[in-house]
Structure formats: structure tokens, C-alpha cells
$ cat final13.csv   # CSV, C-alpha atoms
chain,number,residue,atom,x,y,z
A,36,MET,CA,171.9,199.0,78.3
A,37,HIS,CA,171.0,197.8,81.8
A,38,ARG,CA,172.8,198.1,85.1
A,39,PHE,CA,173.6,195.0,87.2
A,40,SER,CA,174.4,195.8,90.9
A,41,THR,CA,176.9,193.4,92.4
A,42,PRO,CA,178.9,193.3,95.6
A,43,TRP,CA,181.9,194.6,93.6
A,44,GLY,CA,180.1,197.5,91.9
A,45,ASP,CA,177.5,198.3,89.3
A,46,LEU,CA,178.1,196.8,85.9
A,47,ASP,CA,176.7,198.0,82.5
A,48,LEU,CA,175.7,194.8,80.6
A,49,THR,CA,174.1,194.1,77.3
A,50,ARG,CA,173.2,191.1,75.2
A,51,PHE,CA,174.8,190.6,71.8
A,52,PRO,CA,174.5,192.0,69.3
A,53,ALA,CA,173.8,195.2,71.4
A,54,ASP,CA,170.5,196.9,70.6
A,55,PRO,CA,169.4,200.0,72.5
A,56,ARG,CA,165.8,199.0,71.9
A,57,GLU,CA,166.3,195.5,73.4
A,58,PRO,CA,163.9,195.1,76.3
A,59,LEU,CA,165.5,191.9,77.6
A,60,ARG,CA,168.3,192.2,80.2
A,61,ALA,CA,171.6,190.4,80.1
A,62,TRP,CA,171.0,188.9,83.6
A,63,ASP,CA,168.1,187.9,85.8
A,64,ALA,CA,167.4,187.1,89.5
A,65,ALA,CA,169.2,183.8,89.2
A,66,ASP,CA,172.5,185.4,88.3
A,67,ASP,CA,172.0,188.0,91.1
A,68,TYR,CA,171.2,185.3,93.7
A,69,LEU,CA,174.4,183.4,92.8
A,70,VAL,CA,176.6,186.4,92.8
A,71,ARG,CA,175.4,187.5,96.2
A,72,TYR,CA,175.7,184.0,97.7
A,73,LEU,CA,179.4,184.0,96.8
A,74,VAL,CA,180.1,186.7,99.4
A,75,GLU,CA,177.2,186.6,101.9
A,76,PRO,CA,177.1,184.0,104.7
A,77,GLY,CA,173.8,182.1,104.5
A,78,GLU,CA,172.6,178.8,103.2
A,79,GLY,CA,175.0,176.1,102.2
A,80,THR,CA,178.7,177.1,102.7
A,81,GLY,CA,178.7,180.8,101.7
A,82,PRO,CA,180.8,182.9,101.5
A,83,VAL,CA,182.8,180.9,99.0
A,84,ASP,CA,186.6,180.7,98.8
A,85,MET,CA,187.3,181.9,95.3
A,86,SER,CA,191.1,181.7,95.4
A,87,GLY,CA,191.4,178.5,93.3
A,88,ALA,CA,190.3,177.6,89.7
A,89,VAL,CA,186.8,178.9,89.1
A,90,VAL,CA,184.7,177.5,86.2
A,91,VAL,CA,181.4,179.1,85.1
A,92,VAL,CA,179.1,177.0,82.9
A,93,GLY,CA,176.2,178.4,80.9
A,94,ASP,CA,176.8,182.1,81.7
A,95,ARG,CA,174.2,183.3,79.2
A,96,TRP,CA,175.4,186.8,78.5
A,97,GLY,CA,178.5,187.1,80.6
A,98,ALA,CA,177.0,188.5,83.7
A,99,LEU,CA,178.7,186.0,86.0
A,100,ALA,CA,182.1,186.2,84.3
A,101,THR,CA,182.0,190.0,84.3
A,102,ALA,CA,181.0,190.1,88.0
A,103,LEU,CA,183.9,187.8,88.9
A,104,ALA,CA,186.3,190.0,86.8
A,105,ALA,CA,185.0,193.0,88.8
A,106,ARG,CA,185.7,191.1,92.0
A,107,ALA,CA,189.3,190.7,90.9
A,108,GLY,CA,189.5,194.4,90.3
A,109,GLY,CA,191.6,194.0,87.1
A,110,SER,CA,194.4,192.2,88.9
A,111,PRO,CA,196.2,189.8,86.5
A,112,SER,CA,197.4,187.8,89.5
A,113,GLY,CA,193.8,186.9,90.6
A,114,PRO,CA,192.3,183.4,90.1
A,115,VAL,CA,191.7,182.3,86.6
A,116,VAL,CA,188.0,182.2,85.7
A,117,THR,CA,187.0,179.9,82.9
A,118,GLN,CA,183.7,180.4,81.2
A,119,ILE,CA,182.3,177.5,79.3
A,120,THR,CA,179.4,178.2,76.9
A,121,ASP,CA,177.6,176.7,73.9
A,122,SER,CA,176.6,180.1,72.6
A,123,TYR,CA,178.7,182.2,70.3
A,124,LEU,CA,176.4,185.2,71.0
A,125,GLY,CA,176.9,184.7,74.7
A,126,GLN,CA,180.6,184.5,74.3
A,127,GLN,CA,180.7,187.7,72.3
A,128,ALA,CA,178.4,189.4,74.9
A,129,THR,CA,180.9,188.4,77.6
A,130,LEU,CA,183.8,189.9,75.7
A,131,ALA,CA,182.0,193.1,75.1
A,132,ASN,CA,180.8,193.3,78.7
A,133,LEU,CA,184.3,192.6,80.1
A,134,ARG,CA,185.7,195.4,78.0
A,135,ARG,CA,183.0,197.8,78.9
A,136,ASN,CA,183.3,197.3,82.6
A,137,ALA,CA,187.1,197.0,82.9
A,138,ALA,CA,188.6,199.4,85.4
A,139,PRO,CA,190.5,202.3,83.7
A,140,GLY,CA,194.2,201.3,83.2
A,141,ALA,CA,193.6,197.8,84.5
A,142,ALA,CA,195.4,194.9,82.8
A,143,GLY,CA,192.2,192.9,83.1
A,144,ALA,CA,191.5,189.9,85.3
A,145,PRO,CA,192.2,186.6,83.6
A,146,VAL,CA,189.0,185.3,82.1
A,147,ARG,CA,189.4,182.3,79.7
A,148,LEU,CA,186.5,181.8,77.3
A,149,ILE,CA,186.0,178.3,75.9
A,150,SER,CA,183.1,176.4,74.3
A,151,THR,CA,181.3,173.3,75.2
A,152,GLN,CA,183.3,171.5,72.4
A,153,ASP,CA,186.7,172.5,73.9
A,154,ALA,CA,188.6,170.4,76.4
A,155,PRO,CA,187.5,171.3,79.9
A,156,PRO,CA,189.9,172.4,82.7
A,157,GLU,CA,191.8,169.6,84.4
A,158,ARG,CA,191.0,170.9,87.9
A,159,ILE,CA,188.0,172.8,89.2
A,160,ASP,CA,187.9,174.3,92.7
A,161,VAL,CA,184.7,176.2,92.3
A,162,LEU,CA,182.1,175.2,89.8
A,163,LEU,CA,179.3,177.6,89.1
A,164,ILE,CA,176.5,176.4,86.8
A,165,ARG,CA,173.7,178.4,85.3
A,166,VAL,CA,171.1,175.7,84.6
A,167,PRO,CA,170.5,175.6,80.8
A,168,LYS,CA,167.1,175.2,79.1
A,169,SER,CA,168.3,171.8,77.8
A,170,LEU,CA,168.5,169.0,80.4
A,171,ALA,CA,170.6,167.1,77.9
A,172,LEU,CA,173.2,169.8,77.7
A,173,LEU,CA,173.4,169.9,81.5
A,174,GLU,CA,173.9,166.2,81.6
A,175,ASP,CA,176.6,166.3,78.9
A,176,GLN,CA,178.5,169.1,80.7
A,177,LEU,CA,178.3,167.5,84.1
A,178,HIS,CA,179.8,164.3,82.6
A,179,ARG,CA,182.6,166.2,80.9
A,180,LEU,CA,183.5,168.2,84.0
A,181,ALA,CA,183.1,165.4,86.6
A,182,PRO,CA,186.8,164.2,86.3
A,183,ALA,CA,188.1,167.7,87.2
A,184,VAL,CA,186.0,167.9,90.4
A,185,HIS,CA,187.6,166.9,93.7
A,186,ALA,CA,186.3,166.3,97.2
A,187,GLY,CA,186.8,170.0,98.1
A,188,THR,CA,185.2,171.5,95.0
A,189,VAL,CA,182.4,173.9,95.7
A,190,VAL,CA,179.5,173.3,93.3
A,191,VAL,CA,176.7,175.8,93.1
A,192,GLY,CA,174.0,175.9,90.4
A,193,THR,CA,171.5,178.6,89.8
A,194,GLY,CA,168.3,179.1,87.9
A,195,MET,CA,164.8,180.4,88.0
A,196,VAL,CA,162.3,178.2,89.9
A,197,THR,CA,160.7,177.2,86.6
A,198,GLU,CA,164.0,176.0,85.3
A,199,ILE,CA,164.9,173.7,88.2
A,200,HIS,CA,163.0,170.4,88.3
A,201,THR,CA,163.4,167.1,90.1
A,202,SER,CA,165.1,165.7,87.0
A,203,THR,CA,167.6,168.6,87.2
A,204,LEU,CA,168.6,167.7,90.8
A,205,ARG,CA,168.7,164.0,89.9
A,206,LEU,CA,171.4,164.7,87.3
A,207,PHE,CA,173.6,166.5,89.8
A,208,GLU,CA,173.1,163.6,92.3
A,209,ARG,CA,173.8,160.9,89.8
A,210,ILE,CA,176.9,162.4,88.2
A,211,LEU,CA,178.5,164.6,90.9
A,212,GLY,CA,177.0,163.8,94.4
A,213,ARG,CA,174.5,164.7,97.1
A,214,THR,CA,172.4,167.7,96.1
A,215,ASN,CA,169.9,170.0,97.8
A,216,THR,CA,168.4,173.4,97.0
A,217,SER,CA,168.0,176.8,98.6
A,218,LEU,CA,164.8,178.6,99.4
A,219,ALA,CA,163.4,180.6,96.5
A,220,VAL,CA,164.3,184.3,96.3
A,221,ARG,CA,162.6,186.5,93.7
A,222,LYS,CA,161.6,183.3,91.9
A,223,ALA,CA,165.2,182.1,91.7
A,224,ARG,CA,166.8,179.2,93.5
A,225,LEU,CA,170.3,177.8,94.1
A,226,ILE,CA,171.5,174.2,93.9
A,227,PHE,CA,174.2,173.0,96.3
A,228,CYS,CA,176.1,169.8,95.4
A,229,THR,CA,178.7,168.0,97.4
A,230,PRO,CA,181.0,165.9,95.2
A,231,ASP,CA,181.1,162.2,95.9
A,232,LEU,CA,184.3,160.7,94.5
A,233,ARG,CA,182.9,157.2,95.0
A,234,LEU,CA,180.5,157.6,92.1
A,235,SER,CA,181.6,155.9,88.9
A,236,ARG,CA,182.8,158.3,86.2
A,237,THR,CA,181.0,156.9,83.2
A,238,PRO,CA,181.0,158.7,79.8
A,239,GLY,CA,177.9,160.5,78.9
A,240,PRO,CA,175.4,159.3,76.2
A,241,TRP,CA,176.1,162.1,73.8
A,242,PRO,CA,176.4,162.6,70.8
A,243,LEU,CA,173.2,160.7,69.8
A,244,ARG,CA,172.8,159.1,66.4
A,245,TYR,CA,169.5,158.1,64.8
A,246,ALA,CA,168.0,157.1,61.4
A,247,LEU,CA,165.7,159.5,59.6
A,248,PRO,CA,162.3,158.3,58.4
A,249,ASP,CA,161.5,157.6,54.7
A,250,GLY,CA,159.7,160.0,52.5
A,251,ILE,CA,161.7,163.1,53.2
A,252,GLY,CA,163.8,163.4,50.0
A,253,PRO,CA,167.6,162.8,49.7
A,254,LEU,CA,168.1,162.1,53.4
A,255,SER,CA,165.5,159.4,53.7
A,256,GLY,CA,166.8,156.7,56.0
A,257,ARG,CA,170.1,158.4,56.5
A,258,THR,CA,171.8,158.8,59.9
A,259,VAL,CA,171.9,162.0,61.8
A,260,THR,CA,174.3,163.0,64.6
A,261,SER,CA,173.2,165.3,67.4
A,262,HIS,CA,175.3,166.7,70.2
A,263,ALA,CA,173.6,167.5,73.5
A,264,GLY,CA,171.5,170.7,73.5
A,265,VAL,CA,170.7,170.8,69.8
A,266,PHE,CA,167.1,171.5,68.8
A,267,CYS,CA,165.1,168.2,68.4
A,268,ALA,CA,168.3,166.2,69.0
A,269,ASP,CA,166.5,162.8,69.1
A,270,ARG,CA,163.9,163.2,66.3
A,271,LEU,CA,163.1,165.1,63.2
A,272,ASP,CA,160.9,168.2,64.0
A,273,ILE,CA,157.7,168.8,62.0
A,274,GLY,CA,158.8,172.0,60.4
A,275,THR,CA,162.1,170.6,59.1
A,276,ARG,CA,160.3,167.6,57.8
A,277,LEU,CA,158.1,169.8,55.7
A,278,LEU,CA,161.0,171.8,54.4
A,279,LEU,CA,162.9,168.6,53.4
A,280,ARG,CA,159.9,167.5,51.4
A,281,HIS,CA,159.9,170.8,49.5
A,282,LEU,CA,163.5,171.7,49.0
A,283,PRO,CA,164.2,173.8,45.8
A,284,VAL,CA,165.5,171.8,42.9
A,285,ARG,CA,168.7,173.4,41.8
A,286,HIS,CA,171.7,172.4,39.7
A,287,GLY,CA,175.3,173.6,39.3
A,288,PRO,CA,177.8,175.3,41.6
A,289,ASP,CA,175.4,177.1,43.9
A,290,ARG,CA,176.6,178.7,47.2
A,291,VAL,CA,174.0,177.3,49.6
A,292,VAL,CA,173.7,178.4,53.3
A,293,ASP,CA,172.0,176.3,56.0
A,294,LEU,CA,171.3,179.2,58.4
A,295,GLY,CA,170.6,178.1,62.0
A,296,CYS,CA,171.8,174.6,60.9
A,297,GLY,CA,171.1,172.6,64.0
A,298,ASN,CA,172.2,169.1,63.3
A,299,GLY,CA,172.7,169.9,59.6
A,300,VAL,CA,169.9,167.8,58.1
A,301,VAL,CA,168.7,170.6,55.7
A,302,GLY,CA,172.1,171.6,54.4
A,303,THR,CA,173.1,167.9,54.0
A,304,ALA,CA,170.0,167.2,52.1
A,305,ALA,CA,170.7,170.2,49.8
A,306,ALA,CA,174.2,168.9,49.2
A,307,LEU,CA,172.9,165.4,48.3
A,308,ALA,CA,170.4,166.9,46.0
A,309,ASN,CA,173.0,169.0,44.2
A,310,PRO,CA,176.5,167.6,44.7
A,311,ALA,CA,177.9,170.5,42.7
A,312,SER,CA,176.8,173.0,45.4
A,313,ASP,CA,179.0,174.5,48.1
A,314,VAL,CA,177.2,174.4,51.4
A,315,LEU,CA,177.9,176.7,54.4
A,316,PHE,CA,176.5,175.5,57.7
A,317,VAL,CA,176.0,178.4,60.2
A,318,ASP,CA,174.7,178.4,63.8
A,319,GLU,CA,175.5,180.3,66.9
A,320,SER,CA,175.7,177.0,68.9
A,321,TYR,CA,179.0,175.2,69.0
A,322,GLN,CA,177.1,172.0,69.7
A,323,ALA,CA,175.0,172.5,66.6
A,324,VAL,CA,177.9,173.2,64.2
A,325,ALA,CA,179.7,170.1,65.5
A,326,SER,CA,176.5,168.1,64.9
A,327,ALA,CA,176.1,169.5,61.4
A,328,GLU,CA,179.7,168.6,60.5
A,329,ALA,CA,179.2,165.0,61.8
A,330,THR,CA,175.9,164.6,59.9
A,331,PHE,CA,177.4,166.0,56.7
A,332,ARG,CA,180.6,163.9,56.9
A,333,ALA,CA,178.6,160.7,57.4
A,334,ASN,CA,176.3,161.2,54.4
A,335,ALA,CA,177.8,163.4,51.7
A,336,ASP,CA,180.1,162.3,49.0
A,337,PRO,CA,183.8,162.9,49.8
A,338,GLY,CA,184.1,165.5,47.0
A,339,THR,CA,181.2,167.7,48.1
A,340,LYS,CA,182.3,171.1,49.3
A,341,ALA,CA,181.2,172.4,52.8
A,342,GLU,CA,182.2,174.9,55.4
A,343,PHE,CA,181.1,175.1,59.0
A,344,ALA,CA,180.9,178.3,61.0
A,345,VAL,CA,179.9,179.4,64.5
A,346,ALA,CA,178.7,182.9,64.0
A,347,ASP,CA,176.1,185.7,64.5
A,348,ALA,CA,173.7,184.8,61.7
A,349,LEU,CA,175.3,185.7,58.4
A,350,SER,CA,176.9,189.0,59.6
A,351,ALA,CA,180.5,187.7,58.9
A,352,ILE,CA,180.1,186.4,55.4
A,353,PRO,CA,180.7,188.6,52.3
A,354,ALA,CA,177.8,190.5,50.9
A,355,ALA,CA,176.2,189.1,47.7
A,356,SER,CA,178.0,185.8,48.0
A,357,ALA,CA,175.1,183.3,48.4
A,358,ASP,CA,172.6,181.9,46.0
A,359,LEU,CA,170.3,180.1,48.4
A,360,VAL,CA,169.7,180.5,52.1
A,361,LEU,CA,167.6,177.8,53.9
A,362,ASN,CA,166.4,178.8,57.4
A,363,ASN,CA,164.3,177.4,60.2
A,364,PRO,CA,164.6,180.2,62.7
A,365,PRO,CA,164.1,179.9,66.5
A,366,PHE,CA,161.6,182.0,68.2
A,367,HIS,CA,163.0,181.7,71.7
A,368,SER,CA,166.0,183.2,73.5
A,369,HIS,CA,166.5,180.9,76.4
A,370,ARG,CA,163.0,180.9,77.9
A,371,ALA,CA,161.9,184.2,76.4
A,372,THR,CA,159.7,184.2,73.3
A,373,THR,CA,161.1,186.7,70.8
A,374,ASP,CA,161.5,187.3,67.1
A,375,THR,CA,164.8,189.1,67.6
A,376,THR,CA,166.9,186.2,66.3
A,377,ALA,CA,164.6,185.6,63.2
A,378,ARG,CA,164.8,189.3,62.3
A,379,ARG,CA,168.6,189.2,62.5
A,380,MET,CA,168.7,186.1,60.4
A,381,PHE,CA,166.4,187.6,57.7
A,382,ALA,CA,168.3,190.9,57.5
A,383,THR,CA,171.8,189.3,57.3
A,384,ALA,CA,170.5,186.8,54.8
A,385,ARG,CA,169.3,189.5,52.5
A,386,THR,CA,172.7,191.2,52.6
A,387,ALA,CA,174.5,187.9,51.9
A,388,LEU,CA,172.3,186.9,48.9
A,389,ARG,CA,173.3,187.8,45.4
A,390,THR,CA,170.7,189.6,43.2
A,391,GLY,CA,168.2,186.8,42.3
A,392,GLY,CA,169.2,184.8,45.3
A,393,GLU,CA,166.5,183.1,47.4
A,394,LEU,CA,165.7,182.9,51.1
A,395,TRP,CA,163.5,179.9,52.0
A,396,VAL,CA,162.1,180.0,55.5
A,397,VAL,CA,160.0,177.5,57.4
A,398,GLY,CA,158.1,178.6,60.5
A,399,ASN,CA,154.9,178.3,62.5
A,400,ARG,CA,152.0,180.0,60.8
A,401,HIS,CA,151.2,182.2,63.8
A,402,LEU,CA,154.6,183.9,63.8
A,403,GLY,CA,153.8,186.0,60.8
A,404,TYR,CA,157.2,185.8,59.1
A,405,HIS,CA,155.6,186.8,55.8
A,406,LEU,CA,155.2,190.4,57.0
A,407,ARG,CA,158.8,190.8,57.9
A,408,LEU,CA,160.0,189.2,54.7
A,409,ARG,CA,157.8,191.5,52.6
A,410,ARG,CA,159.2,194.5,54.3
A,411,LEU,CA,162.8,193.3,53.7
A,412,PHE,CA,162.4,191.8,50.2
A,413,GLY,CA,159.3,193.6,48.8
A,414,ALA,CA,157.4,190.3,48.4
A,415,CYS,CA,157.4,186.6,49.4
A,416,ASP,CA,155.6,183.5,48.2
A,417,VAL,CA,154.1,180.6,50.0
A,418,VAL,CA,155.8,177.5,48.7
A,419,ALA,CA,154.0,174.9,50.9
A,420,SER,CA,152.0,174.7,54.1
A,421,ASP,CA,150.2,172.4,56.5
A,422,PRO,CA,147.9,173.2,59.4
A,423,LYS,CA,150.8,174.3,61.6
A,424,PHE,CA,153.8,175.3,59.4
A,425,VAL,CA,154.4,177.4,56.3
A,426,ILE,CA,157.4,177.6,53.9
A,427,LEU,CA,158.0,181.0,52.5
A,428,ARG,CA,160.3,182.1,49.6
A,429,ALA,CA,161.7,185.6,49.2
A,430,VAL,CA,163.9,186.7,46.3
A,431,LYS,CA,166.4,189.5,46.4
A,432,ARG,CA,165.7,192.0,43.6

$ encode --input "final13.csv" --output "C-alpha cells"
Amino acid sequence: MHRFSTPWGDLDLTRFPADPREPLRAWDAADDYLVRYLVEPGEGTGPVDMSGAVVVVGDRWGALATALAARAGGSPSGPVVTQITDSYLGQQATLANLRRNAAPGAAGAPVRLISTQDAPPERIDVLLIRVPKSLALLEDQLHRLAPAVHAGTVVVGTGMVTEIHTSTLRLFERILGRTNTSLAVRKARLIFCTPDLRLSRTPGPWPLRYALPDGIGPLSGRTVTSHAGVFCADRLDIGTRLLLRHLPVRHGPDRVVDLGCGNGVVGTAAALANPASDVLFVDESYQAVASAEATFRANADPGTKAEFAVADALSAIPAASADLVLNNPPFHSHRATTDTTARRMFATARTALRTGGELWVVGNRHLGYHLRLRRLFGACDVVASDPKFVILRAVKR
């Protein structure tokens, strides 16, 4: 656990799921810069009047929402803070951090947690944006929130210098209004945007639909739907292409899991290859699960069974309930390179599998997933490989 010092007191914050060995903090210099700007006169228009409807977008682990709750001091009569996130893990971290840092006996300041797939607030007086890794997700959210912004709305973005580019600022200018930036402090920067109501409010370009190439099995030539922010939203990535070409041939009423489903191409291909299967699509991204459902509905036969869940890997599904888990794990958490997510996926997949059940993993060769799988399962086999990627198969004994 790490301590985040704010103008309203020190906060104990963790990521989710909490791990005492986790070296990565639940906030960074960009969060700190924004929190201090809200109360300290300086660049732009600080301090900021926070008495109206406050919306926080992209709050990665709840540092901003928890700080604003601490500002309200547990008063239920304070301004409603709405957090909008694409991340289930970030949302759960926010809930845990709010509980951990609530004042003793306080009723709790009103913090409303919604996802990027939920209807946004109708009015926004203060809009605070943690710039996401995905420029597409930022574009999508700015388009969705623009109708709620008025001439007096205070719009402040934040991010590390490496996360804020000319293209980032152009999105703010094109969708909301005139934009400029602060000086850099501890390699973080603020974005100030003045809403221009004369700008046309056009719908955003997402979700995106495109046709898959030939030669990849059951999904060849089929249409994929991707909401903004989904991995490889506009094309089929190389690792998934390899996995689609080497999907296991199975028959009968299997329980199949597409773990870290993204836009759902792997699980949908499995459903097409074996219509008697029951496929569960799981991802921690709300945008991904919505994409997977759209991809599945557009391609699978009406009678094919499927479920869609936003969750922490497979921690919420019954033990020994799956026959096959298909997984293309990420190796980044925002901009940090880490195998934490992959390890979590492998461990919960092993618990979810029945005896004799199989986990198929595709990943970059250099990541060394075979070592982790051998420790968990006792052994793993190489199913296929190319110069960059490898498909590994582990069986639960």
C-alpha cells in the first residue's frame, strides 16, 4: 500500500486486486498535479469551483475520486462526483480505496461509478480527464460528453508528458474548444480547455466495423465490431491471427472461455467451429465486452450459447467449470510493462478448468510464459510458433 498526499489529507491507495508485493503505485505525478491545481491558484483558472456536478474520466485506480471524496469530508450533501471508467479493475480499486479512506462514522460523500458504456451525465460543471493510453478512447469519450458541457464548464486534463501529444490537444480543440497546456511539473502536464458551444456536435466514429482477412479459419471474411479503446480495434493483430489458424478442434457441449476477449474474435471463432459449445467472453474492459457481444451476435448462429462478463480474470466463475480457456494476455498496465495481469489470468484459469481441461495461450516469444505455465500446470506444450509468437497448451491434471 502506498500513501498519496493531497490537500485534504493523506490517502492509503492500492491497485486492484490488492497485492502487498505490487511495486506500482495507484497514482502518479499527473494525478498529483491535477489534485493540487484544483485548490492552488496558478496557471489557468485555479482554484476551481467544485460546487457543481463534477465528472472524472479515466481515473485509473480511483486516486482522483478518492481525493475528491476526502475533500467533501464524508458529507452526503456535497457535490456529486461521477467517475467514468472503461476498467472493471479500476472501478473495483476505486470502491476499495473509497472504503479504506472514509472518515470514521462518515456517511460517505456521494461518488457515482459508471462505465464508458453507460449513459453519461446530462450536465457537467467540472470535467476532469486523465488522458488514456488510447487516443481513440479519448475521442469517443469527448464526443459522448460534449453535449453535457456548457459555456461555464471547467475542463482540465492531466497526463504524463509522454502521454500528451499534439494529436491529443487537437482532439480537445476539435470536439470541445480552445486548448492549451501547462508547464511540465515532475514530467506531468495539465490540459486546459475552454468550451466553444459554436462547435458542431457530431457523433463520434465508434464503434468501428471491418472485415477479417481470409485464411484464418471459421471467421475468415466475417465482420468484427470494435468499440474505442479495444486492443487492435481496426485490424487483426498477429498473435490472434496465429491462434485463429491453430484453434483446437473440439466437438460437443464444451464450456469455452475467451479470457481477455477484446473484440471477441477468438471466442466467436470457437463458437462457429463448435456450435454445441457454450462460450463465456470475459474482459476487464467494458468497451471490450461490448465489442465481443456485438461481434458474436453478428456472426454466430442464433441458437449458439454465450455469456458476456466484465470481471477480474476468471476469479468470479465457479471452480472446475470450464473445459477450454483461450487467452491472449496483455503485458502492459497502462504504460507500465508487467506480467501481473498474465499471471492473474493463468492462475484463475487453472482454478476454473476441470480436470483434463486445457488452457491455450498465445504470446510473444520473449515473454517466457512457458515458465509460468510449467510452474502452475506441471507442463506445457508448444502447439505452434512463428518468429515472433508462440502458442502454448497446458492441461490441468

$ residues_around --input "final13.csv" --residues "segment 91-95 of chain A" --least-positions-apart "2" --cutoff "8 Å" --atoms "all atoms listed in the file" --output "ChimeraX atom specification"
/A:61-62,89,97-100,116-122,125,162-167

$ residues_near_point --input "final13.csv" --point "(172.5, 169.7, 92.8)" --cutoff "9 Å" --atoms "only C-alpha atoms" --output "list of chain:residue names"
A:Val190, A:Val191, A:Gly192, A:Thr203, A:Leu204, A:Arg205, A:Leu206, A:Phe207, A:Glu208, A:Leu211, A:Gly212, A:Arg213, A:Thr214, A:Asn215, A:Thr216, A:Leu225, A:Ile226, A:Phe227, A:Cys228, A:Thr229

$ closest_residue --input "final13.csv" --among "A:Leu282, A:Cys415, A:Val396, A:Ala131" --to "Pro52 of chain A" --atoms "only C-alpha atoms"
A:Ala131

$ residues_around --input "final13.csv" --residues "segment 319-332 of chain A" --least-positions-apart "4" --cutoff "8 Å" --atoms "all atoms listed in the file" --output "list in words"
Asp121, Ser122, Tyr123, Leu124, Ser150, Thr151, Gln152, Thr258, Val259, Thr260, Ser261, His262, Ala263, Gly264, Val265, Gly295, Cys296, Gly297, Asn298, Gly299, Val300, Thr303, Pro337, Phe343, Ala344, Val345, Ala346, Asp347 and Ala348 of chain A

$ closest_residue --input "final13.csv" --among "A:Arg410, A:Pro310, A:His281, A:Asn132" --to "Asp47 of chain A" --atoms "all atoms listed in the file"
A:Asn132

$ atom_distance --input "final13.csv" --atom1 "atom CA of Phe39 of chain A" --atom2 "atom CA of Val70 of chain A"
10.7 Å

$ residues_around --input "final13.csv" --residues "Leu271 of chain A" --least-positions-apart "4" --cutoff "9 Å" --atoms "only C-alpha atoms" --output "VMD selection string"
chain A and resid 247 to 248 267 275 to 276 300

$ atom_distance --input "final13.csv" --atom1 "atom CA of Leu170 of chain A" --atom2 "atom CA of Asp374 of chain A"
23.7 Å

$ closest_residue --input "final13.csv" --among "A:Val425, A:Ala354, A:Leu394, A:Leu234" --to "Met380 of chain A" --atoms "only C-alpha atoms"
A:Leu394

$ residues_near_point --input "final13.csv" --point "(177.8, 184.6, 45.5)" --cutoff "7 Å" --atoms "all atoms listed in the file" --output "number ranges by chain"
A: 290, 355-358, 388-389

$ atom_distance --input "final13.csv" --atom1 "atom CA of Arg147 of chain A" --atom2 "atom CA of Arg134 of chain A"
13.7 Å

$ residues_around --input "final13.csv" --residues "Leu307 of chain A" --least-positions-apart "6" --cutoff "10 Å" --atoms "all atoms listed in the file" --output "ChimeraX atom specification"
/A:252-254,301,331,334-336,339

$ closest_residue --input "final13.csv" --among "A:Ala246, A:Val90, A:Pro58, A:Lys340" --to "Pro288 of chain A" --atoms "all atoms listed in the file"
A:Lys340

$ build_atoms --input "final13.csv" --residues "segment 58-70 of chain A" --atoms "N, CA, C and O atoms" --output "PDB file, in the frame of the given file"
ATOM      1  N   PRO A  58     164.514 195.039  75.005  1.00  0.00           N
ATOM      2  CA  PRO A  58     163.900 195.100  76.300  1.00  0.00           C
ATOM      3  C   PRO A  58     164.406 194.055  77.313  1.00  0.00           C
ATOM      4  O   PRO A  58     164.239 194.192  78.527  1.00  0.00           O
ATOM      5  N   LEU A  59     165.011 192.986  76.787  1.00  0.00           N
ATOM      6  CA  LEU A  59     165.500 191.900  77.600  1.00  0.00           C
ATOM      7  C   LEU A  59     166.837 192.199  78.222  1.00  0.00           C
ATOM      8  O   LEU A  59     167.733 192.643  77.515  1.00  0.00           O
ATOM      9  N   ARG A  60     166.994 191.952  79.531  1.00  0.00           N
ATOM     10  CA  ARG A  60     168.300 192.200  80.200  1.00  0.00           C
ATOM     11  C   ARG A  60     169.280 191.116  79.953  1.00  0.00           C
ATOM     12  O   ARG A  60     168.929 190.023  79.533  1.00  0.00           O
ATOM     13  N   ALA A  61     170.532 191.422  80.277  1.00  0.00           N
ATOM     14  CA  ALA A  61     171.600 190.400  80.100  1.00  0.00           C
ATOM     15  C   ALA A  61     171.823 189.621  81.392  1.00  0.00           C
ATOM     16  O   ALA A  61     172.793 188.876  81.481  1.00  0.00           O
ATOM     17  N   TRP A  62     170.949 189.740  82.353  1.00  0.00           N
ATOM     18  CA  TRP A  62     171.000 188.900  83.600  1.00  0.00           C
ATOM     19  C   TRP A  62     169.601 188.849  84.137  1.00  0.00           C
ATOM     20  O   TRP A  62     168.677 189.523  83.677  1.00  0.00           O
ATOM     21  N   ASP A  63     169.435 187.991  85.144  1.00  0.00           N
ATOM     22  CA  ASP A  63     168.100 187.900  85.800  1.00  0.00           C
ATOM     23  C   ASP A  63     168.369 187.619  87.296  1.00  0.00           C
ATOM     24  O   ASP A  63     169.499 187.661  87.796  1.00  0.00           O
ATOM     25  N   ALA A  64     167.292 187.313  88.008  1.00  0.00           N
ATOM     26  CA  ALA A  64     167.400 187.100  89.500  1.00  0.00           C
ATOM     27  C   ALA A  64     168.232 185.934  89.837  1.00  0.00           C
ATOM     28  O   ALA A  64     168.829 185.918  90.915  1.00  0.00           O
ATOM     29  N   ALA A  65     168.323 184.928  88.949  1.00  0.00           N
ATOM     30  CA  ALA A  65     169.200 183.800  89.200  1.00  0.00           C
ATOM     31  C   ALA A  65     170.636 184.139  89.261  1.00  0.00           C
ATOM     32  O   ALA A  65     171.399 183.696  90.131  1.00  0.00           O
ATOM     33  N   ASP A  66     171.073 184.959  88.305  1.00  0.00           N
ATOM     34  CA  ASP A  66     172.500 185.400  88.300  1.00  0.00           C
ATOM     35  C   ASP A  66     172.734 186.268  89.562  1.00  0.00           C
ATOM     36  O   ASP A  66     173.783 186.127  90.202  1.00  0.00           O
ATOM     37  N   ASP A  67     171.800 187.148  89.905  1.00  0.00           N
ATOM     38  CA  ASP A  67     172.000 188.000  91.100  1.00  0.00           C
ATOM     39  C   ASP A  67     172.060 187.181  92.360  1.00  0.00           C
ATOM     40  O   ASP A  67     172.904 187.438  93.227  1.00  0.00           O
ATOM     41  N   TYR A  68     171.217 186.171  92.481  1.00  0.00           N
ATOM     42  CA  TYR A  68     171.200 185.300  93.700  1.00  0.00           C
ATOM     43  C   TYR A  68     172.563 184.625  93.840  1.00  0.00           C
ATOM     44  O   TYR A  68     173.138 184.594  94.937  1.00  0.00           O
ATOM     45  N   LEU A  69     173.100 184.081  92.750  1.00  0.00           N
ATOM     46  CA  LEU A  69     174.400 183.400  92.800  1.00  0.00           C
ATOM     47  C   LEU A  69     175.516 184.323  93.194  1.00  0.00           C
ATOM     48  O   LEU A  69     176.346 184.011  94.057  1.00  0.00           O
ATOM     49  N   VAL A  70     175.571 185.485  92.564  1.00  0.00           N
ATOM     50  CA  VAL A  70     176.600 186.400  92.800  1.00  0.00           C
ATOM     51  C   VAL A  70     176.642 186.849  94.303  1.00  0.00           C
ATOM     52  O   VAL A  70     177.694 186.919  94.962  1.00  0.00           O
TER      53      VAL A  70
END
